[in-house]
Amino acid sequence: GNSVTQMEGPVTLSEEAFLTINCTYTATGYPSLFWYVQYPGEGLQLLLKATKADDKGSNKGFEATYRKETTSFHLEKGSVQVSDSAVYFCALRGSNDYKLSFGAGTTVTVRA
Amino acid sequence: GAVVSQHPSRVICKSGTSVKIECRSLDFQATTMFWYRQFPKQSLMLMATSNEGSKATYEQGVEKDKFLINHASLTLSTLTVTSAHPEDSSFYICSAAGTGGYEQFFGPGTRLTVL
């Protein structure tokens, strides 16, 4: 079945530091890949997505590239802000399927 | 576009009572809705998938008689936690997908506390 393995946190950074959160997946066919962000006490917001190999998703300074050869979708941001403090979830959706498989989530705390 | 709301955002109830949580798609028709449960500092666990006008499909280990799901219209799904107990305390999140594709749009979540 489909599964997502995500770098465990928590991750604590200083403002303007570089952030990377590793995500690898196992799936058959050609899944779509997502990063969601969850701020304290809130639901999930879609941060970015990629639907085919070599696609790069980007939003709010975050980027992730769909690498089929390494089955990875690592999230990166070059200069984090305090407002980026949140829990980040990597997720996968199989071809022709609604169901999402989530990673365990990575808590990121950015300190001023 | 693609806004999903949940009501209430927080609810506290006594053990043994039932609680209903609503999930609404505000600006699109949701043919499929999903209910998730999230324990503190953990990932989302899919509880069930519901299609409008059909019975919900529950994931393994989820008690269908305990967690009643109704998807009576294309904009509303409800989750009723029956005879709630403290171990049912959790964060419940719904999502909805429309006719345009498979993407899910998430609600803001409902914090349930059972005393």
# chains A, B, ... in the order shown; residues from 1 in each chain; ligands from 1
>>> interface_residues(of="chain B", to="chain A", cutoff="6 Å", atoms="only C-alpha atoms", output="PyMOL selection string")
chain B and resi 43+102+106-109
>>> closest_atom_pairs(of="range 78-104 of chain B", to="range 60-71 of chain B", cutoff="8 Å", atoms="only C-alpha atoms", output="tab-separated table")
residue	atom	partner	partner_atom	distance
B:Thr78	CA	B:Asn70	CA	5.2
B:Leu79	CA	B:Ile69	CA	4.7
B:Thr80	CA	B:Leu68	CA	5.0
B:Val81	CA	B:Phe67	CA	4.9
B:Thr82	CA	B:Lys66	CA	5.2
B:Ser83	CA	B:Lys66	CA	7.4
>>> select_by_dssp(residues="chain A", states="strand (DSSP E or B)", output="ChimeraX atom specification")
/A:3-6,11-14,19-21,23-26,32-38,44-50,56-59,62-65,67,72,75-77,86-93,100-102,106-111
>>> residues_around(residues="Leu19 in chain A", least_positions_apart="4", cutoff="7 Å", atoms="only C-alpha atoms", output="NGL selection string")
:A and (76-78 or 80)
>>> residues_around(residues="Ser77 in chain B", least_positions_apart="5", cutoff="9 Å", atoms="only C-alpha atoms", output="list in words")
Ile21, Glu22, Cys23, Arg24, Ser25, Met33, Phe34, Ser50, Glu52, Ile69, Asn70, His71, Ala72 and Cys94 of chain B
>>> write_last_selection(atoms="C-alpha atoms", output="mmCIF file, in the first residue's frame")
data_model
loop_
_atom_site.group_PDB
_atom_site.id
_atom_site.type_symbol
_atom_site.label_atom_id
_atom_site.label_comp_id
_atom_site.auth_asym_id
_atom_site.auth_seq_id
_atom_site.Cartn_x
_atom_site.Cartn_y
_atom_site.Cartn_z
ATOM 1 C CA ILE B 21 -20.213 17.893 14.356
ATOM 2 C CA GLU B 22 -21.116 19.533 11.064
ATOM 3 C CA CYS B 23 -18.924 19.887 8.012
ATOM 4 C CA ARG B 24 -20.019 22.192 5.207
ATOM 5 C CA SER B 25 -18.597 23.011 1.803
ATOM 6 C CA MET B 33 -16.323 13.983 2.328
ATOM 7 C CA PHE B 34 -13.790 12.559 4.713
ATOM 8 C CA SER B 50 -18.758 9.333 2.647
ATOM 9 C CA GLU B 52 -23.529 12.062 -0.921
ATOM 10 C CA ILE B 69 -21.783 9.738 9.554
ATOM 11 C CA ASN B 70 -24.492 11.283 7.425
ATOM 12 C CA HIS B 71 -23.881 12.925 4.066
ATOM 13 C CA ALA B 72 -27.379 13.938 3.145
ATOM 14 C CA CYS B 94 -13.267 16.930 7.907
#
>>> atom_distance(atom1="CA of Tyr36 in chain B", atom2="CA of Asp55 in chain A")
28.3 Å
>>> closest_residue(among="A:Glu69, A:Glu8, A:Asp84, A:Asp54", to="Tyr25 in chain A", atoms="only C-alpha atoms")
A:Glu69
>>> atom_distance(atom1="CA of Gly98 in chain B", atom2="CA of Ser58 in chain A")
23.6 Å
>>> atom_distance(atom1="CA of Pro8 in chain B", atom2="CA of Trp35 in chain A")
26.3 Å
>>> residues_around(residues="Phe34 in chain A", least_positions_apart="6", cutoff="6 Å", atoms="only C-alpha atoms", output="list in words")
Leu48, Lys49, Cys90 and Ala91 of chain A
>>> write_last_selection(atoms="all heavy atoms", output="compact mmCIF listing (two decimals), in the first residue's frame")
# COMPACT_ATOMS: atom_id res chain seq x y z
N LEU A 48 1.74 23.27 -0.70
CA LEU A 48 2.14 23.12 -2.09
C LEU A 48 1.92 21.68 -2.52
O LEU A 48 1.72 20.81 -1.69
CB LEU A 48 3.60 23.54 -2.30
CG LEU A 48 4.67 22.90 -1.43
CD1 LEU A 48 5.12 21.56 -1.98
CD2 LEU A 48 5.88 23.81 -1.30
N LYS A 49 1.96 21.47 -3.84
CA LYS A 49 1.74 20.13 -4.35
C LYS A 49 2.50 19.93 -5.66
O LYS A 49 2.92 20.90 -6.30
CB LYS A 49 0.26 19.88 -4.57
CG LYS A 49 -0.35 20.72 -5.67
CD LYS A 49 -1.84 20.40 -5.85
CE LYS A 49 -2.44 21.26 -6.96
NZ LYS A 49 -3.90 20.99 -7.11
N CYS A 90 3.71 15.81 5.19
CA CYS A 90 3.87 15.35 3.83
C CYS A 90 2.75 14.35 3.55
O CYS A 90 2.38 13.56 4.45
CB CYS A 90 5.24 14.68 3.67
SG CYS A 90 5.65 14.18 2.00
N ALA A 91 2.19 14.36 2.36
CA ALA A 91 1.09 13.46 2.06
C ALA A 91 1.14 13.00 0.61
O ALA A 91 1.73 13.67 -0.24
CB ALA A 91 -0.26 14.14 2.36
